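Everything below belongs to target_17.tsv, which stores TSV, C-alpha atoms.
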chain	number	residue	atom	x	y	z
A	1318	MET	CA	-8.32	204.57	53.48
A	1319	ILE	CA	-9.83	201.70	51.47
A	1320	PHE	CA	-11.98	200.85	54.47
A	1321	PHE	CA	-13.38	204.40	54.66
A	1322	ARG	CA	-13.99	204.83	50.93
A	1323	ALA	CA	-15.76	201.48	50.59
A	1324	LEU	CA	-18.07	202.18	53.52
A	1325	LEU	CA	-18.94	205.74	52.50
A	1326	ARG	CA	-19.63	204.67	48.91
A	1327	GLU	CA	-21.96	201.89	50.04
A	1328	PHE	CA	-23.71	204.16	52.54
A	1329	ALA	CA	-24.32	206.79	49.86
A	1330	ASN	CA	-25.65	204.33	47.27
A	1331	LEU	CA	-28.02	202.74	49.76
A	1332	ALA	CA	-29.16	206.13	51.08
A	1333	VAL	CA	-30.23	207.29	47.61
A	1334	ALA	CA	-32.21	204.11	46.96
A	1335	VAL	CA	-33.83	204.04	50.40
A	1336	PHE	CA	-34.76	207.73	50.38
A	1337	LEU	CA	-36.32	207.58	46.91
A	1338	SER	CA	-38.37	204.53	47.92
A	1339	LEU	CA	-39.60	206.08	51.17
A	1340	PHE	CA	-40.23	209.46	49.54
A	1341	LEU	CA	-42.29	207.98	46.71
A	1342	ILE	CA	-44.35	205.88	49.11
A	1343	ALA	CA	-45.05	208.84	51.41
A	1344	LEU	CA	-45.77	211.17	48.48
A	1345	THR	CA	-48.13	208.69	46.82
A	1346	THR	CA	-50.04	208.14	50.06
A	1347	ARG	CA	-50.43	211.86	50.60
A	1348	LEU	CA	-51.43	212.42	46.96
A	1349	ILE	CA	-54.20	209.83	47.21
A	1350	ARG	CA	-55.53	211.56	50.32
A	1351	LEU	CA	-55.46	214.99	48.66
A	1352	LEU	CA	-57.14	213.70	45.52
A	1353	GLY	CA	-59.89	212.26	47.71
A	1354	GLN	CA	-60.38	215.65	49.36
A	1355	ALA	CA	-60.45	217.34	45.95
A	1356	ALA	CA	-63.01	214.84	44.66
A	1357	GLY	CA	-65.16	215.54	47.72
A	1358	GLY	CA	-64.99	219.30	47.13
A	1359	LYS	CA	-63.01	220.06	50.30
A	1360	ILE	CA	-60.13	221.59	48.35
A	1361	PRO	CA	-59.96	222.81	44.72
A	1362	SER	CA	-58.17	220.58	42.26
A	1363	ASP	CA	-55.66	223.28	41.37
A	1364	ALA	CA	-54.44	223.34	45.00
A	1365	VAL	CA	-53.44	219.66	45.17
A	1366	ILE	CA	-49.86	220.22	43.93
A	1367	ALA	CA	-49.28	223.10	46.36
A	1368	PHE	CA	-50.50	221.11	49.37
A	1369	LEU	CA	-48.45	218.13	48.20
A	1370	GLY	CA	-45.32	220.27	48.18
A	1371	PHE	CA	-45.97	221.63	51.67
A	1372	SER	CA	-46.58	218.09	52.95
A	1373	ALA	CA	-43.33	216.86	51.39
A	1374	LEU	CA	-41.32	219.53	53.22
A	1375	ASN	CA	-42.95	218.52	56.52
A	1376	LEU	CA	-42.18	214.83	55.93
A	1377	LEU	CA	-38.51	215.28	54.97
A	1378	PRO	CA	-37.02	215.30	58.52
A	1379	VAL	CA	-38.63	211.97	59.40
A	1380	LEU	CA	-37.82	210.42	56.02
A	1381	LEU	CA	-34.16	211.48	56.15
A	1382	SER	CA	-33.80	210.19	59.71
A	1383	LEU	CA	-35.25	206.83	58.71
A	1384	THR	CA	-33.08	206.78	55.57
A	1385	LEU	CA	-29.92	207.31	57.62
A	1386	PHE	CA	-30.80	204.49	60.02
A	1387	ILE	CA	-31.78	201.99	57.32
A	1388	SER	CA	-28.77	202.77	55.11
A	1389	VAL	CA	-26.20	202.14	57.84
A	1390	LEU	CA	-28.09	199.08	59.06
A	1391	LEU	CA	-28.37	197.44	55.63
A	1392	ALA	CA	-24.78	198.19	54.64
A	1393	LEU	CA	-23.28	196.67	57.78
A	1394	ASN	CA	-25.79	193.84	57.77
A	1395	ARG	CA	-24.55	192.85	54.31
A	1396	SER	CA	-20.95	192.97	55.56
A	1397	TRP	CA	-21.83	190.54	58.34
A	1398	ARG	CA	-23.63	188.16	55.96
A	1399	ASP	CA	-20.72	188.18	53.47
A	1400	SER	CA	-18.16	187.68	56.27
A	1401	GLU	CA	-16.43	190.98	55.46
A	1402	MET	CA	-16.64	192.01	59.10
A	1403	VAL	CA	-14.64	188.97	60.16
A	1404	ILE	CA	-11.92	189.92	57.67
A	1405	TRP	CA	-11.76	193.46	59.02
A	1406	PHE	CA	-11.60	192.15	62.59
A	1407	ASN	CA	-8.73	189.83	61.71
A	1408	SER	CA	-6.88	192.78	60.19
A	1409	GLY	CA	-6.87	194.52	63.58
A	1410	LEU	CA	-10.03	196.63	63.51
A	1411	SER	CA	-12.62	196.61	66.27
A	1412	LEU	CA	-16.34	197.35	66.11
A	1413	ALA	CA	-15.62	200.88	67.36
A	1414	SER	CA	-13.68	201.53	64.12
A	1415	TRP	CA	-17.03	201.87	62.31
A	1416	ILE	CA	-18.05	204.87	64.43
A	1417	ARG	CA	-15.90	207.37	62.55
A	1418	PRO	CA	-17.09	206.55	58.98
A	1419	VAL	CA	-20.69	206.44	60.18
A	1420	LEU	CA	-20.29	209.86	61.80
A	1421	ILE	CA	-18.69	211.28	58.63
A	1422	PHE	CA	-21.60	209.96	56.56
A	1423	ALA	CA	-24.28	211.01	59.07
A	1424	ALA	CA	-23.04	214.54	59.82
A	1425	PRO	CA	-24.31	216.21	56.60
A	1426	LEU	CA	-27.67	214.45	56.82
A	1427	VAL	CA	-28.09	215.37	60.48
A	1428	LEU	CA	-27.31	218.99	59.60
A	1429	VAL	CA	-29.95	218.93	56.84
A	1430	ILE	CA	-32.47	217.37	59.24
A	1431	ALA	CA	-31.74	220.11	61.79
A	1432	VAL	CA	-32.25	222.88	59.20
A	1433	LEU	CA	-35.49	221.26	58.02
A	1434	SER	CA	-36.78	220.70	61.54
A	1435	PHE	CA	-35.90	224.13	62.95
A	1436	PHE	CA	-36.60	226.38	59.95
A	1437	ILE	CA	-38.05	224.90	56.76
A	1438	SER	CA	-40.81	222.67	58.17
A	1439	PRO	CA	-42.34	225.49	60.31
A	1440	TRP	CA	-42.17	227.79	57.27
A	1441	ALA	CA	-43.93	225.17	55.13
A	1442	ALA	CA	-46.64	224.70	57.77
A	1443	GLN	CA	-47.18	228.47	57.95
A	1444	LYS	CA	-47.41	228.83	54.17
A	1445	SER	CA	-49.79	225.89	53.99
A	1446	GLU	CA	-52.15	227.51	56.49
A	1447	GLN	CA	-51.99	230.84	54.65
A	1448	TYR	CA	-52.70	229.14	51.34
A	1449	ARG	CA	-55.66	227.26	52.83
A	1450	SER	CA	-57.01	230.52	54.26
A	1451	ARG	CA	-56.68	232.15	50.83
A	1452	ILE	CA	-58.59	229.27	49.25
A	1453	ASP	CA	-61.35	229.48	51.86
A	1454	SER	CA	-61.81	233.17	51.06
A	1455	ARG	CA	-62.63	232.47	47.42
A	1456	ASP	CA	-66.14	233.33	46.28
A	1457	ASP	CA	-68.55	230.64	45.13
A	1458	ILE	CA	-67.91	231.18	41.43
A	1459	SER	CA	-64.16	230.75	41.87
A	1460	ARG	CA	-64.84	227.42	43.59
A	1461	VAL	CA	-66.88	226.05	40.69
A	1462	GLU	CA	-65.45	223.05	38.87
A	1463	PRO	CA	-67.01	222.13	35.52
A	1464	GLY	CA	-68.85	218.83	35.49
A	1465	THR	CA	-69.10	218.51	39.30
A	1466	PHE	CA	-71.65	219.58	41.89
A	1467	GLY	CA	-70.48	222.27	44.29
A	1468	GLU	CA	-71.81	223.80	47.48
A	1469	SER	CA	-71.76	227.44	48.47
A	1470	ARG	CA	-69.99	228.57	51.61
A	1471	SER	CA	-73.31	229.23	53.37
A	1472	ARG	CA	-74.50	225.74	52.37
A	1473	GLU	CA	-77.71	227.26	51.03
A	1474	ARG	CA	-76.94	226.57	47.35
A	1475	VAL	CA	-75.84	223.59	45.31
A	1476	PHE	CA	-74.67	224.44	41.82
A	1477	PHE	CA	-73.54	222.66	38.70
A	1478	VAL	CA	-72.12	224.02	35.47
A	1479	GLU	CA	-71.30	222.07	32.34
A	1480	SER	CA	-68.44	224.26	31.16
A	1481	ILE	CA	-66.57	227.44	32.10
A	1482	ALA	CA	-64.88	229.97	29.85
A	1483	GLY	CA	-61.15	230.49	30.13
A	1484	ASP	CA	-61.44	233.51	32.43
A	1485	LYS	CA	-64.09	231.79	34.58
A	1486	SER	CA	-66.43	234.77	34.09
A	1487	SER	CA	-68.87	232.95	31.81
A	1488	VAL	CA	-70.52	229.56	32.34
A	1489	GLN	CA	-72.70	227.34	30.18
A	1490	ASN	CA	-75.75	225.23	31.15
A	1491	VAL	CA	-76.11	226.28	34.77
A	1492	PHE	CA	-78.05	224.39	37.47
A	1493	VAL	CA	-78.64	225.99	40.89
A	1494	ASN	CA	-80.57	224.48	43.81
A	1495	SER	CA	-81.16	226.88	46.70
A	1496	THR	CA	-83.05	226.70	49.99
A	1497	GLN	CA	-84.40	229.82	51.66
A	1498	HIS	CA	-87.12	230.11	54.30
A	1499	ARG	CA	-87.80	226.36	54.01
A	1500	ARG	CA	-88.65	226.78	50.34
A	1501	THR	CA	-86.64	225.13	47.59
A	1502	GLY	CA	-85.75	226.87	44.38
A	1503	VAL	CA	-84.28	225.26	41.29
A	1504	MET	CA	-82.90	227.36	38.44
A	1505	ILE	CA	-81.78	226.16	35.03
A	1506	SER	CA	-80.10	228.50	32.60
A	1507	GLU	CA	-78.38	228.19	29.25
A	1508	ARG	CA	-75.72	230.78	29.98
A	1509	GLY	CA	-74.41	232.91	32.83
A	1510	PHE	CA	-71.78	235.49	33.59
A	1511	THR	CA	-70.60	237.67	36.46
A	1512	GLU	CA	-70.94	241.42	36.81
A	1513	PHE	CA	-70.27	244.03	39.49
A	1514	ALA	CA	-72.88	246.41	40.94
A	1515	PRO	CA	-72.06	250.10	41.57
A	1516	ASN	CA	-71.65	249.36	45.32
A	1517	GLY	CA	-69.04	246.70	44.59
A	1518	ASP	CA	-71.25	243.63	45.10
A	1519	ARG	CA	-70.70	240.79	42.66
A	1520	PHE	CA	-73.61	239.01	40.96
A	1521	LEU	CA	-74.06	235.91	38.85
A	1522	VAL	CA	-76.38	236.81	35.99
A	1523	MET	CA	-78.20	233.93	34.30
A	1524	LEU	CA	-79.87	234.31	30.91
A	1525	SER	CA	-82.71	232.41	29.23
A	1526	GLY	CA	-83.71	230.03	31.96
A	1527	ARG	CA	-86.42	228.67	34.22
A	1528	ARG	CA	-86.99	228.76	37.96
A	1529	TYR	CA	-89.01	226.31	40.06
A	1530	VAL	CA	-90.00	227.42	43.56
A	1531	GLY	CA	-91.96	225.48	46.17
A	1532	THR	CA	-92.00	223.44	49.36
A	1533	PRO	CA	-90.81	219.82	49.21
A	1534	GLY	CA	-93.76	217.46	49.64
A	1535	ALA	CA	-96.34	220.07	48.65
A	1536	ALA	CA	-98.06	220.67	45.31
A	1537	ASP	CA	-97.69	224.45	45.21
A	1538	PHE	CA	-94.59	224.64	43.03
A	1539	ARG	CA	-94.40	227.61	40.71
A	1540	LEU	CA	-92.71	227.75	37.36
A	1541	MET	CA	-91.18	230.96	36.10
A	1542	GLU	CA	-89.31	231.68	32.92
A	1543	PHE	CA	-86.84	234.52	32.82
A	1544	GLU	CA	-84.66	236.28	30.34
A	1545	ARG	CA	-82.29	237.61	33.01
A	1546	TYR	CA	-81.90	236.61	36.65
A	1547	ALA	CA	-79.20	237.90	39.03
A	1548	THR	CA	-78.12	236.32	42.31
A	1549	ARG	CA	-75.56	237.82	44.66
A	1550	ILE	CA	-72.26	236.01	45.08
A	1551	GLN	CA	-71.10	235.76	48.66
A	1552	THR	CA	-67.62	237.02	49.33
A	1553	LYS	CA	-65.45	236.60	52.38
A	1554	GLU	CA	-62.45	238.58	53.47
A	1555	GLY	CA	-59.37	236.45	53.83
A	1556	ASP	CA	-58.47	236.35	57.52
A	1557	GLU	CA	-54.89	235.86	58.59
A	1558	PRO	CA	-54.68	232.27	59.93
A	1559	VAL	CA	-54.05	231.83	63.63
A	1560	ALA	CA	-50.49	230.64	64.21
A	1561	THR	CA	-50.23	227.13	65.65
A	1562	HIS	CA	-47.27	225.61	67.42
A	1563	LYS	CA	-46.34	223.70	64.25
A	1564	SER	CA	-46.25	226.87	62.13
A	1565	THR	CA	-44.49	229.01	64.76
A	1566	SER	CA	-40.83	229.66	64.12
A	1567	THR	CA	-38.26	228.13	66.44
A	1568	LEU	CA	-37.35	231.58	67.77
A	1569	GLY	CA	-41.05	232.21	68.43
A	1570	LEU	CA	-41.28	228.97	70.41
A	1571	ILE	CA	-38.35	230.03	72.58
A	1572	GLU	CA	-39.73	233.54	73.11
A	1573	SER	CA	-43.19	232.21	74.05
A	1574	PRO	CA	-42.52	229.09	76.17
A	1575	THR	CA	-46.09	227.83	76.57
A	1576	ARG	CA	-46.71	224.13	77.16
A	1577	SER	CA	-47.63	223.37	73.55
A	1578	ASN	CA	-44.70	225.44	72.27
A	1579	LEU	CA	-42.25	223.62	74.53
A	1580	GLY	CA	-43.64	220.29	73.35
A	1581	GLU	CA	-43.08	221.31	69.74
A	1582	LEU	CA	-39.59	222.57	70.57
A	1583	LEU	CA	-38.78	219.20	72.17
A	1584	TRP	CA	-39.82	217.45	68.95
A	1585	ARG	CA	-37.69	219.73	66.76
A	1586	VAL	CA	-34.64	219.23	68.97
A	1587	GLY	CA	-35.27	215.49	69.05
A	1588	MET	CA	-35.29	214.98	65.27
A	1589	PRO	CA	-31.57	215.60	64.55
A	1590	ALA	CA	-30.50	214.12	67.90
A	1591	SER	CA	-32.45	210.90	67.29
A	1592	ALA	CA	-31.12	210.66	63.73
A	1593	LEU	CA	-27.51	210.74	64.96
A	1594	ILE	CA	-28.13	208.23	67.76
A	1595	LEU	CA	-29.99	205.86	65.42
A	1596	ALA	CA	-27.10	205.95	62.94
A	1597	LEU	CA	-24.66	204.90	65.67
A	1598	LEU	CA	-27.13	202.40	67.09
A	1599	ALA	CA	-27.28	200.67	63.71
A	1600	ILE	CA	-23.62	199.59	64.08
A	1601	PRO	CA	-24.11	197.00	66.85
A	1602	MET	CA	-27.65	196.17	65.71
A	1603	SER	CA	-26.43	195.10	62.27
A	1604	PHE	CA	-24.83	191.95	63.69
A	1605	VAL	CA	-26.18	188.78	62.06
A	1606	ASN	CA	-26.22	185.51	63.98
A	1607	PRO	CA	-26.31	182.66	61.42
A	1608	ARG	CA	-28.06	180.40	63.92
A	1609	ALA	CA	-30.87	182.89	64.59
A	1610	GLY	CA	-31.52	183.80	60.94
A	1611	ARG	CA	-31.05	187.01	58.98
A	1612	SER	CA	-34.38	188.69	59.70
A	1613	VAL	CA	-34.30	188.60	63.51
A	1614	ASN	CA	-31.99	191.60	63.91
A	1615	LEU	CA	-33.82	193.57	61.21
A	1616	LEU	CA	-37.11	193.07	63.02
A	1617	PHE	CA	-35.47	194.08	66.30
A	1618	ALA	CA	-34.03	197.19	64.63
A	1619	LEU	CA	-37.45	198.15	63.24
A	1620	LEU	CA	-38.99	197.65	66.67
A	1621	THR	CA	-36.27	199.82	68.23
A	1622	TYR	CA	-36.95	202.65	65.77
A	1623	MET	CA	-40.70	202.50	66.47
A	1624	VAL	CA	-40.14	202.51	70.24
A	1625	TYR	CA	-37.72	205.44	69.96
A	1626	SER	CA	-40.14	207.46	67.82
A	1627	ASN	CA	-43.09	206.69	70.09
A	1628	LEU	CA	-41.11	207.65	73.19
A	1629	LEU	CA	-40.33	211.02	71.60
A	1630	SER	CA	-44.04	211.50	70.86
A	1631	VAL	CA	-44.96	210.55	74.43
A	1632	SER	CA	-42.38	212.99	75.82
A	1633	GLN	CA	-43.72	215.75	73.56
A	1634	ALA	CA	-47.29	215.08	74.71
A	1635	ARG	CA	-46.36	215.03	78.40
A	1636	VAL	CA	-44.42	218.28	78.10
A	1637	ALA	CA	-47.38	219.85	76.25
A	1638	GLN	CA	-49.69	218.67	79.06
A	1639	GLY	CA	-47.40	220.01	81.76
A	1640	LYS	CA	-46.73	216.55	83.23
A	1641	LEU	CA	-43.03	216.58	82.35
A	1642	ALA	CA	-40.56	219.44	82.59
A	1643	PHE	CA	-38.94	220.47	79.32
A	1644	SER	CA	-35.52	220.59	81.04
A	1645	THR	CA	-35.89	216.83	81.66
A	1646	GLY	CA	-37.93	215.74	78.67
A	1647	TRP	CA	-35.63	217.00	75.91
A	1648	TRP	CA	-32.73	214.68	76.89
A	1649	LEU	CA	-34.33	211.80	78.83
A	1650	VAL	CA	-35.31	209.57	75.88
A	1651	HIS	CA	-32.01	210.20	74.09
A	1652	ALA	CA	-30.08	209.29	77.23
A	1653	VAL	CA	-31.95	205.99	77.51
A	1654	MET	CA	-31.16	205.15	73.88
A	1655	LEU	CA	-27.51	206.09	74.41
A	1656	VAL	CA	-27.34	203.61	77.30
A	1657	VAL	CA	-28.91	200.94	75.09
A	1658	MET	CA	-26.35	201.73	72.38
A	1659	LEU	CA	-23.41	201.45	74.82
A	1660	VAL	CA	-24.72	198.13	76.16
A	1661	LEU	CA	-25.04	196.72	72.63
A	1662	PHE	CA	-21.55	197.94	71.72
A	1663	ALA	CA	-20.08	196.33	74.83
A	1664	GLN	CA	-21.93	193.07	74.15
A	1665	ARG	CA	-20.85	192.86	70.50
A	1666	MET	CA	-17.21	193.83	71.22
A	1667	SER	CA	-16.90	191.24	74.02
A	1668	LEU	CA	-18.43	188.61	71.75
A	1669	PHE	CA	-15.67	189.01	69.19
A	1670	ARG	CA	-12.84	189.78	71.61
A	1671	LEU	CA	-13.05	186.57	73.65
A	1672	PRO	CA	-12.38	184.08	70.80
A	1673	TRP	CA	-9.40	186.17	69.67
A	1674	ARG	CA	-7.94	186.14	73.19
A	1675	ARG	CA	-8.43	182.39	73.55
A	1676	GLN	CA	-6.76	181.78	70.20
A	1677	ARG	CA	-3.78	183.99	71.17
A	1678	GLY	CA	-3.41	182.21	74.52
A	1679	THR	CA	-3.39	178.81	72.81
A	1680	ARG	CA	-0.63	179.82	70.40
A	1681	SER	CA	1.57	181.11	73.18
I'd like the structure from this file rewritten - as structure tokens, please.
Amino acid sequence: MIFFRALLREFANLAVAVFLSLFLIALTTRLIRLLGQAAGGKIPSDAVIAFLGFSALNLLPVLLSLTLFISVLLALNRSWRDSEMVIWFNSGLSLASWIRPVLIFAAPLVLVIAVLSFFISPWAAQKSEQYRSRIDSRDDISRVEPGTFGESRSRERVFFVESIAGDKSSVQNVFVNSTQHRRTGVMISERGFTEFAPNGDRFLVMLSGRRYVGTPGAADFRLMEFERYATRIQTKEGDEPVATHKSTSTLGLIESPTRSNLGELLWRVGMPASALILALLAIPMSFVNPRAGRSVNLLFALLTYMVYSNLLSVSQARVAQGKLAFSTGWWLVHAVMLVVMLVLFAQRMSLFRLPWRRQRGTRS
């Protein structure tokens, strides 16, 4: 009982620390990328938090799988370095005795990974695409950010406003550069607002401004002053985004077994399966040989995780390309890793069984 409680407590403490570290690193990296897109005008600044949340839900299965592997590996690695494993072996336990506590600790996390992989991540991908489609359907005025240059959807206008009223219907100090029929027009206005025509069209009305019209490189520019100038705001109906294999529900993948759908289904099945196998694989891989140094096994464990993940990606790609049958691809990589795990278990158990047998034979 002491053995179980001590292991589970250490696993849990390490899992919290490892997950928070990995989650913050992944979230910060994604946030920097989104802020760069917002600064470049590809997405509005008020959509950064929403896209960050959708990305976090998509990253959780991978982060939890890696957390499970690292937590078990570090906990048992510390036991080897502090000679606790030798004490447990002398008390009659074998390396296989660690399988049960690891399974008890891993079972809830594997269940969460399965729920995320099969249900929540596809839902997050679908909502992200719908939200992006809703943003793309905004009119040009809704896309304006004060103090930054913006481009219209048709790429015929570049606009700049110094400030926007709270309801975004009135702007101050407007600059608009437009190109039509190879002629450039520049408008400067002190104030502007939006209004609707009887037919439903929306217009930006600028007051007390100037307009320069001409051809670049020529001397025929004209200057016009106006009290009121209206330009039509382009609107676009929000189209329902086309469902991709990442945003398709798991039931939809099964009902429509195309190559890309089967590849995605293989990946979703592989996430919880690989998490469980990696947790068990960490038991024999945590062994520390004092002569070889402490970091050798950790580097080997990291390499094993990368190889496992890349093999899953290769299997997914080959199934999506039709070069590998789904009935073979979904279990092949996991079977190989199970064989590797059994070989490592047999090697580690024989390593610590032989000295014990020799010592027993000498005493007799």
Could you jot down the CA of Thr1575 (chain A) to CA of Ala1637 (chain A) separation for me, Å, one decimal place?
-> 8.1 Å
Between A:Ile1452, A:Ile1600, A:Ile1387, A:Leu1540, which one has atoms that come closest to Ile1360 (chain A), using all atoms listed in the file?
->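 Closest to Ile1360 (chain A), using all atoms listed in the file: A:Ile1452.
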Using all atoms listed in the file: which of A:Ser1630, A:Thr1645, A:Asn1407, A:Ser1603 has the shortest distance to Phe1386 (chain A) | A:Ser1603
Using only C-alpha atoms - which residues lie no farther than 12 Å from the point (-40.7, 222.0, 78.9) in the file's frame? Write them as a PDB file with C-alpha atoms, in the coordinates of the input.
ATOM      1  CA  LEU A1570     -41.280 228.970  70.410  1.00  0.00           C
ATOM      2  CA  ILE A1571     -38.350 230.030  72.580  1.00  0.00           C
ATOM      3  CA  SER A1573     -43.190 232.210  74.050  1.00  0.00           C
ATOM      4  CA  PRO A1574     -42.520 229.090  76.170  1.00  0.00           C
ATOM      5  CA  THR A1575     -46.090 227.830  76.570  1.00  0.00           C
ATOM      6  CA  ARG A1576     -46.710 224.130  77.160  1.00  0.00           C
ATOM      7  CA  SER A1577     -47.630 223.370  73.550  1.00  0.00           C
ATOM      8  CA  ASN A1578     -44.700 225.440  72.270  1.00  0.00           C
ATOM      9  CA  LEU A1579     -42.250 223.620  74.530  1.00  0.00           C
ATOM     10  CA  GLY A1580     -43.640 220.290  73.350  1.00  0.00           C
ATOM     11  CA  GLU A1581     -43.080 221.310  69.740  1.00  0.00           C
ATOM     12  CA  LEU A1582     -39.590 222.570  70.570  1.00  0.00           C
ATOM     13  CA  LEU A1583     -38.780 219.200  72.170  1.00  0.00           C
ATOM     14  CA  TRP A1584     -39.820 217.450  68.950  1.00  0.00           C
ATOM     15  CA  VAL A1586     -34.640 219.230  68.970  1.00  0.00           C
ATOM     16  CA  SER A1632     -42.380 212.990  75.820  1.00  0.00           C
ATOM     17  CA  GLN A1633     -43.720 215.750  73.560  1.00  0.00           C
ATOM     18  CA  ALA A1634     -47.290 215.080  74.710  1.00  0.00           C
ATOM     19  CA  ARG A1635     -46.360 215.030  78.400  1.00  0.00           C
ATOM     20  CA  VAL A1636     -44.420 218.280  78.100  1.00  0.00           C
ATOM     21  CA  ALA A1637     -47.380 219.850  76.250  1.00  0.00           C
ATOM     22  CA  GLN A1638     -49.690 218.670  79.060  1.00  0.00           C
ATOM     23  CA  GLY A1639     -47.400 220.010  81.760  1.00  0.00           C
ATOM     24  CA  LYS A1640     -46.730 216.550  83.230  1.00  0.00           C
ATOM     25  CA  LEU A1641     -43.030 216.580  82.350  1.00  0.00           C
ATOM     26  CA  ALA A1642     -40.560 219.440  82.590  1.00  0.00           C
ATOM     27  CA  PHE A1643     -38.940 220.470  79.320  1.00  0.00           C
ATOM     28  CA  SER A1644     -35.520 220.590  81.040  1.00  0.00           C
ATOM     29  CA  THR A1645     -35.890 216.830  81.660  1.00  0.00           C
ATOM     30  CA  GLY A1646     -37.930 215.740  78.670  1.00  0.00           C
ATOM     31  CA  TRP A1647     -35.630 217.000  75.910  1.00  0.00           C
ATOM     32  CA  TRP A1648     -32.730 214.680  76.890  1.00  0.00           C
TER      33      TRP A1648
END
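Distance cut-off 8 Å, centre (-39.0, 217.9, 55.4), atoms counted all atoms listed in the file; the residues meeting this are A:Ser1372, A:Ala1373, A:Leu1374, A:Asn1375, A:Leu1376, A:Leu1377, A:Pro1378, A:Val1379, A:Leu1380, A:Ile1430, A:Leu1433, A:Ser1434, A:Ile1437, A:Ser1438.
You can rank A:Pro1601, A:Phe1371, A:Ala1356, A:Ser1388 by their closest distance to Asn1330 (chain A) using all atoms listed in the file, and at the top of that list sits A:Ser1388.
When all atoms listed in the file are used to compute distances to Asp1518 (chain A), the closest of the residues A:His1651, A:Arg1549, A:Arg1539, A:Arg1350 turns out to be A:Arg1549.
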Box along x, y and z, 6 Å on every side, all listed atoms of region 1511-1515 of chain A inside: centre and edge lengths in Å to one decimal, as lines of an AutoDock Vina configuration file.
center_x = -71.6
center_y = 243.9
center_z = 39.0
size_x = 14.6
size_y = 24.4
size_z = 17.1
Please measure the separation of CA of Leu1348 (chain A) and CA of Val1365 (chain A), giving the value in Å to one decimal.
-> 7.7 Å
Do you have the CA of Asn1490 (chain A)-CA of Lys1359 (chain A) distance handy?
-> 23.6 Å
